Amino acid sequence: QVQLVESGGGLVQAGGSLRLACAGSGRSFSMHAMGWFRQAPGKERECVAAISWTGGSTYYADSVKGRFTISRDNAKNTVYLQMNSLKPEDTAVYYCAATFETGTVVTGPLSSWSMGYWGKGTLVTVSS
């Protein structure tokens with residue numbers, strides 16, 4: 001069983017930065033691939049970044065590539081999302097999630113149906 005708690009959301013002006021953190025509990029946390037998803041009002045939830053259980057492979061959506069960086073510290077059971085050059089269209093609730101299966105290698109976006117554990121989300125608001 002993995003439990004996830006996000007933190008670090010808030011209000012920021014366009015061009016600013018935020019770092020989200022996702023603290024996990026459970027003995028198998030370090031063995032799960034992790035994803036950051038976001039959902040804006042009226043839009044579907046999308047995977048914006050993902051990282052394999054070793055941290056050796058990552059994925060970024062085109063809309064955030066070059067601006068967001070996902071990383072993980074398995075010793076601390078924490079996954080991060082560094083968000084730079086934020087835009088108003090980045091406004092959304094951001095969720096971290098862990099895959100059902102352990103040992104997943106990330107080769108593309110993670111599907112919501114493949115995620116077994118979710119945090120409650122943290123709101124990011126980017127003002128223009």
# chains A, B, ... in the order shown; residues from 1 in each chain; ligands from 1
$ residues_around --residues "Gly108 in chain A" --least-positions-apart "5" --cutoff "12 Å" --atoms "only C-alpha atoms" --output "ChimeraX atom specification"
/A:33,35,47-52,57-62
$ write_last_selection --atoms "all heavy atoms" --output "JSON list (two decimals), in the first residue's frame"
[["chain", "number", "residue", "atom", "x", "y", "z"],
["A", 33, "ALA", "N", 6.95, 3.40, -10.49],
["A", 33, "ALA", "CA", 7.07, 4.57, -11.34],
["A", 33, "ALA", "C", 6.06, 5.61, -10.85],
["A", 33, "ALA", "O", 5.00, 5.26, -10.32],
["A", 33, "ALA", "CB", 6.80, 4.23, -12.79],
["A", 35, "GLY", "N", 4.06, 9.50, -11.52],
["A", 35, "GLY", "CA", 3.66, 10.49, -12.51],
["A", 35, "GLY", "C", 3.06, 11.70, -11.85],
["A", 35, "GLY", "O", 2.50, 11.62, -10.75],
["A", 47, "CYS", "N", -1.24, 13.47, -18.09],
["A", 47, "CYS", "CA", 0.07, 13.20, -17.50],
["A", 47, "CYS", "C", 1.05, 14.23, -18.04],
["A", 47, "CYS", "O", 1.27, 14.28, -19.26],
["A", 47, "CYS", "CB", 0.53, 11.79, -17.84],
["A", 47, "CYS", "SG", 2.16, 11.36, -17.20],
["A", 48, "VAL", "N", 1.64, 15.03, -17.19],
["A", 48, "VAL", "CA", 2.58, 16.04, -17.65],
["A", 48, "VAL", "C", 4.03, 15.60, -17.47],
["A", 48, "VAL", "O", 4.92, 16.08, -18.18],
["A", 48, "VAL", "CB", 2.36, 17.41, -16.97],
["A", 48, "VAL", "CG1", 1.00, 17.97, -17.34],
["A", 48, "VAL", "CG2", 2.51, 17.30, -15.46],
["A", 49, "ALA", "N", 4.28, 14.69, -16.55],
["A", 49, "ALA", "CA", 5.64, 14.19, -16.33],
["A", 49, "ALA", "C", 5.59, 12.85, -15.64],
["A", 49, "ALA", "O", 4.66, 12.57, -14.89],
["A", 49, "ALA", "CB", 6.45, 15.18, -15.49],
["A", 50, "ALA", "N", 6.60, 12.03, -15.91],
["A", 50, "ALA", "CA", 6.66, 10.72, -15.28],
["A", 50, "ALA", "C", 8.11, 10.32, -15.11],
["A", 50, "ALA", "O", 8.99, 10.79, -15.84],
["A", 50, "ALA", "CB", 5.92, 9.68, -16.12],
["A", 51, "ILE", "N", 8.35, 9.44, -14.13],
["A", 51, "ILE", "CA", 9.71, 9.00, -13.85],
["A", 51, "ILE", "C", 9.68, 7.54, -13.45],
["A", 51, "ILE", "O", 8.78, 7.09, -12.72],
["A", 51, "ILE", "CB", 10.35, 9.89, -12.76],
["A", 51, "ILE", "CG1", 11.84, 9.60, -12.61],
["A", 51, "ILE", "CG2", 9.61, 9.76, -11.43],
["A", 51, "ILE", "CD1", 12.58, 10.67, -11.81],
["A", 52, "SER", "N", 10.63, 6.79, -13.95],
["A", 52, "SER", "CA", 10.70, 5.37, -13.62],
["A", 52, "SER", "C", 11.11, 5.17, -12.17],
["A", 52, "SER", "O", 11.53, 6.11, -11.49],
["A", 52, "SER", "CB", 11.70, 4.67, -14.54],
["A", 52, "SER", "OG", 13.00, 5.16, -14.28],
["A", 57, "SER", "N", 14.65, 6.95, -16.31],
["A", 57, "SER", "CA", 13.94, 7.40, -17.49],
["A", 57, "SER", "C", 12.81, 8.33, -17.09],
["A", 57, "SER", "O", 12.19, 8.15, -16.03],
["A", 57, "SER", "CB", 13.40, 6.22, -18.31],
["A", 57, "SER", "OG", 12.52, 5.43, -17.54],
["A", 58, "THR", "N", 12.57, 9.30, -17.94],
["A", 58, "THR", "CA", 11.54, 10.30, -17.66],
["A", 58, "THR", "C", 10.73, 10.57, -18.92],
["A", 58, "THR", "O", 11.13, 10.25, -20.04],
["A", 58, "THR", "CB", 12.13, 11.63, -17.17],
["A", 58, "THR", "OG1", 13.07, 12.10, -18.15],
["A", 58, "THR", "CG2", 12.84, 11.45, -15.83],
["A", 59, "TYR", "N", 9.58, 11.19, -18.71],
["A", 59, "TYR", "CA", 8.71, 11.61, -19.80],
["A", 59, "TYR", "C", 8.17, 12.99, -19.47],
["A", 59, "TYR", "O", 7.90, 13.29, -18.30],
["A", 59, "TYR", "CB", 7.53, 10.64, -19.97],
["A", 59, "TYR", "CG", 6.37, 11.28, -20.71],
["A", 59, "TYR", "CD1", 6.35, 11.32, -22.09],
["A", 59, "TYR", "CD2", 5.33, 11.88, -20.01],
["A", 59, "TYR", "CE1", 5.31, 11.94, -22.77],
["A", 59, "TYR", "CE2", 4.29, 12.50, -20.67],
["A", 59, "TYR", "CZ", 4.28, 12.53, -22.04],
["A", 59, "TYR", "OH", 3.26, 13.15, -22.71],
["A", 60, "TYR", "N", 8.03, 13.82, -20.50],
["A", 60, "TYR", "CA", 7.40, 15.13, -20.35],
["A", 60, "TYR", "C", 6.42, 15.36, -21.49],
["A", 60, "TYR", "O", 6.71, 15.04, -22.65],
["A", 60, "TYR", "CB", 8.43, 16.25, -20.36],
["A", 60, "TYR", "CG", 9.42, 16.18, -19.22],
["A", 60, "TYR", "CD1", 10.67, 15.59, -19.38],
["A", 60, "TYR", "CD2", 9.09, 16.70, -17.97],
["A", 60, "TYR", "CE1", 11.56, 15.51, -18.32],
["A", 60, "TYR", "CE2", 9.98, 16.63, -16.91],
["A", 60, "TYR", "CZ", 11.20, 16.02, -17.10],
["A", 60, "TYR", "OH", 12.09, 15.95, -16.05],
["A", 61, "ALA", "N", 5.28, 15.91, -21.16],
["A", 61, "ALA", "CA", 4.35, 16.34, -22.19],
["A", 61, "ALA", "C", 4.98, 17.50, -22.96],
["A", 61, "ALA", "O", 5.76, 18.27, -22.40],
["A", 61, "ALA", "CB", 3.03, 16.78, -21.56],
["A", 62, "ASP", "N", 4.63, 17.60, -24.23],
["A", 62, "ASP", "CA", 5.20, 18.67, -25.05],
["A", 62, "ASP", "C", 4.94, 20.05, -24.46],
["A", 62, "ASP", "O", 5.76, 20.96, -24.57],
["A", 62, "ASP", "CB", 4.62, 18.60, -26.46],
["A", 62, "ASP", "CG", 5.16, 17.43, -27.26],
["A", 62, "ASP", "OD1", 6.20, 16.86, -26.86],
["A", 62, "ASP", "OD2", 4.54, 17.08, -28.28]]
$ residues_around --residues "range 85-97 of chain A" --least-positions-apart "4" --cutoff "6 Å" --atoms "only C-alpha atoms" --output "list in words"
Ala14, Gly15, Gly16, Met34, Gly35, Trp36, Phe37, Arg38, Gln39, Ala40, Tyr117, Trp118, Gly119, Gly121, Thr122, Leu123, Val124, Thr125, Val126, Ser127 and Ser128 of chain A
$ residues_around --residues "Val5 in chain A" --least-positions-apart "6" --cutoff "7 Å" --atoms "only C-alpha atoms" --output "VMD selection string"
chain A and resid 22 to 24 119 to 120
$ write_last_selection --atoms "C-alpha atoms" --output "CSV table (one decimal), in the first residue's frame"
chain,number,residue,atom,x,y,z
A,22,CYS,CA,4.9,14.3,-3.3
A,23,ALA,CA,5.7,12.5,-0.1
A,24,GLY,CA,5.0,8.8,-0.1
A,119,GLY,CA,-2.7,11.9,-3.9
A,120,LYS,CA,-5.5,14.4,-3.2
$ select_by_dssp --residues "range 34-66 of chain A" --states "strand (DSSP E)" --output "PyMOL selection string"
chain A and resi 34-39+46-51+58-60
$ write_last_selection --atoms "N, CA and C atoms" --output "PDB file, in the first residue's frame"
ATOM      1  N   MET A  34       6.406   6.869 -11.015  1.00  0.00           N
ATOM      2  CA  MET A  34       5.572   7.950 -10.513  1.00  0.00           C
ATOM      3  C   MET A  34       5.226   8.914 -11.637  1.00  0.00           C
ATOM      4  N   GLY A  35       4.059   9.498 -11.522  1.00  0.00           N
ATOM      5  CA  GLY A  35       3.657  10.486 -12.511  1.00  0.00           C
ATOM      6  C   GLY A  35       3.059  11.704 -11.847  1.00  0.00           C
ATOM      7  N   TRP A  36       3.229  12.824 -12.489  1.00  0.00           N
ATOM      8  CA  TRP A  36       2.507  14.049 -12.123  1.00  0.00           C
ATOM      9  C   TRP A  36       1.442  14.277 -13.189  1.00  0.00           C
ATOM     10  N   PHE A  37       0.220  14.387 -12.748  1.00  0.00           N
ATOM     11  CA  PHE A  37      -0.921  14.650 -13.618  1.00  0.00           C
ATOM     12  C   PHE A  37      -1.499  16.012 -13.253  1.00  0.00           C
ATOM     13  N   ARG A  38      -2.219  16.592 -14.186  1.00  0.00           N
ATOM     14  CA  ARG A  38      -2.921  17.827 -13.863  1.00  0.00           C
ATOM     15  C   ARG A  38      -4.289  17.816 -14.530  1.00  0.00           C
ATOM     16  N   GLN A  39      -5.198  18.521 -13.896  1.00  0.00           N
ATOM     17  CA  GLN A  39      -6.536  18.659 -14.445  1.00  0.00           C
ATOM     18  C   GLN A  39      -7.009  20.083 -14.269  1.00  0.00           C
ATOM     19  N   GLU A  46      -4.407  14.967 -17.466  1.00  0.00           N
ATOM     20  CA  GLU A  46      -3.316  14.606 -18.365  1.00  0.00           C
ATOM     21  C   GLU A  46      -2.042  14.368 -17.563  1.00  0.00           C
ATOM     22  N   CYS A  47      -1.238  13.472 -18.090  1.00  0.00           N
ATOM     23  CA  CYS A  47       0.070  13.200 -17.503  1.00  0.00           C
ATOM     24  C   CYS A  47       1.054  14.228 -18.041  1.00  0.00           C
ATOM     25  N   VAL A  48       1.638  15.027 -17.185  1.00  0.00           N
ATOM     26  CA  VAL A  48       2.580  16.036 -17.653  1.00  0.00           C
ATOM     27  C   VAL A  48       4.033  15.597 -17.472  1.00  0.00           C
ATOM     28  N   ALA A  49       4.283  14.686 -16.548  1.00  0.00           N
ATOM     29  CA  ALA A  49       5.644  14.195 -16.335  1.00  0.00           C
ATOM     30  C   ALA A  49       5.595  12.845 -15.642  1.00  0.00           C
ATOM     31  N   ALA A  50       6.595  12.027 -15.910  1.00  0.00           N
ATOM     32  CA  ALA A  50       6.660  10.717 -15.284  1.00  0.00           C
ATOM     33  C   ALA A  50       8.110  10.318 -15.107  1.00  0.00           C
ATOM     34  N   ILE A  51       8.350   9.444 -14.131  1.00  0.00           N
ATOM     35  CA  ILE A  51       9.714   8.999 -13.854  1.00  0.00           C
ATOM     36  C   ILE A  51       9.682   7.538 -13.448  1.00  0.00           C
ATOM     37  N   THR A  58      12.573   9.304 -17.940  1.00  0.00           N
ATOM     38  CA  THR A  58      11.540  10.298 -17.663  1.00  0.00           C
ATOM     39  C   THR A  58      10.727  10.572 -18.918  1.00  0.00           C
ATOM     40  N   TYR A  59       9.575  11.187 -18.706  1.00  0.00           N
ATOM     41  CA  TYR A  59       8.709  11.612 -19.797  1.00  0.00           C
ATOM     42  C   TYR A  59       8.169  12.994 -19.466  1.00  0.00           C
ATOM     43  N   TYR A  60       8.026  13.818 -20.499  1.00  0.00           N
ATOM     44  CA  TYR A  60       7.401  15.129 -20.347  1.00  0.00           C
ATOM     45  C   TYR A  60       6.417  15.357 -21.487  1.00  0.00           C
TER      46      TYR A  60
END
$ closest_residue --among "A:Leu11, A:Ala75, A:Leu81, A:Val2" --to "Phe100 in chain A" --atoms "only C-alpha atoms"
A:Val2
$ atom_distance --atom1 "CA of Thr54 in chain A" --atom2 "CA of Pro109 in chain A"
16.6 Å
$ closest_residue --among "A:Gln3, A:Arg45, A:Gly56, A:Gly26" --to "Ser111 in chain A" --atoms "only C-alpha atoms"
A:Arg45
$ atom_distance --atom1 "CA of Phe29 in chain A" --atom2 "CA of Ser71 in chain A"
14.1 Å
$ closest_residue --among "A:Asn84, A:Asn77, A:Leu4, A:Ala21" --to "Val64 in chain A" --atoms "only C-alpha atoms"
A:Asn84
$ atom_distance --atom1 "CA of Ser63 in chain A" --atom2 "CA of Gln82 in chain A"
14.4 Å
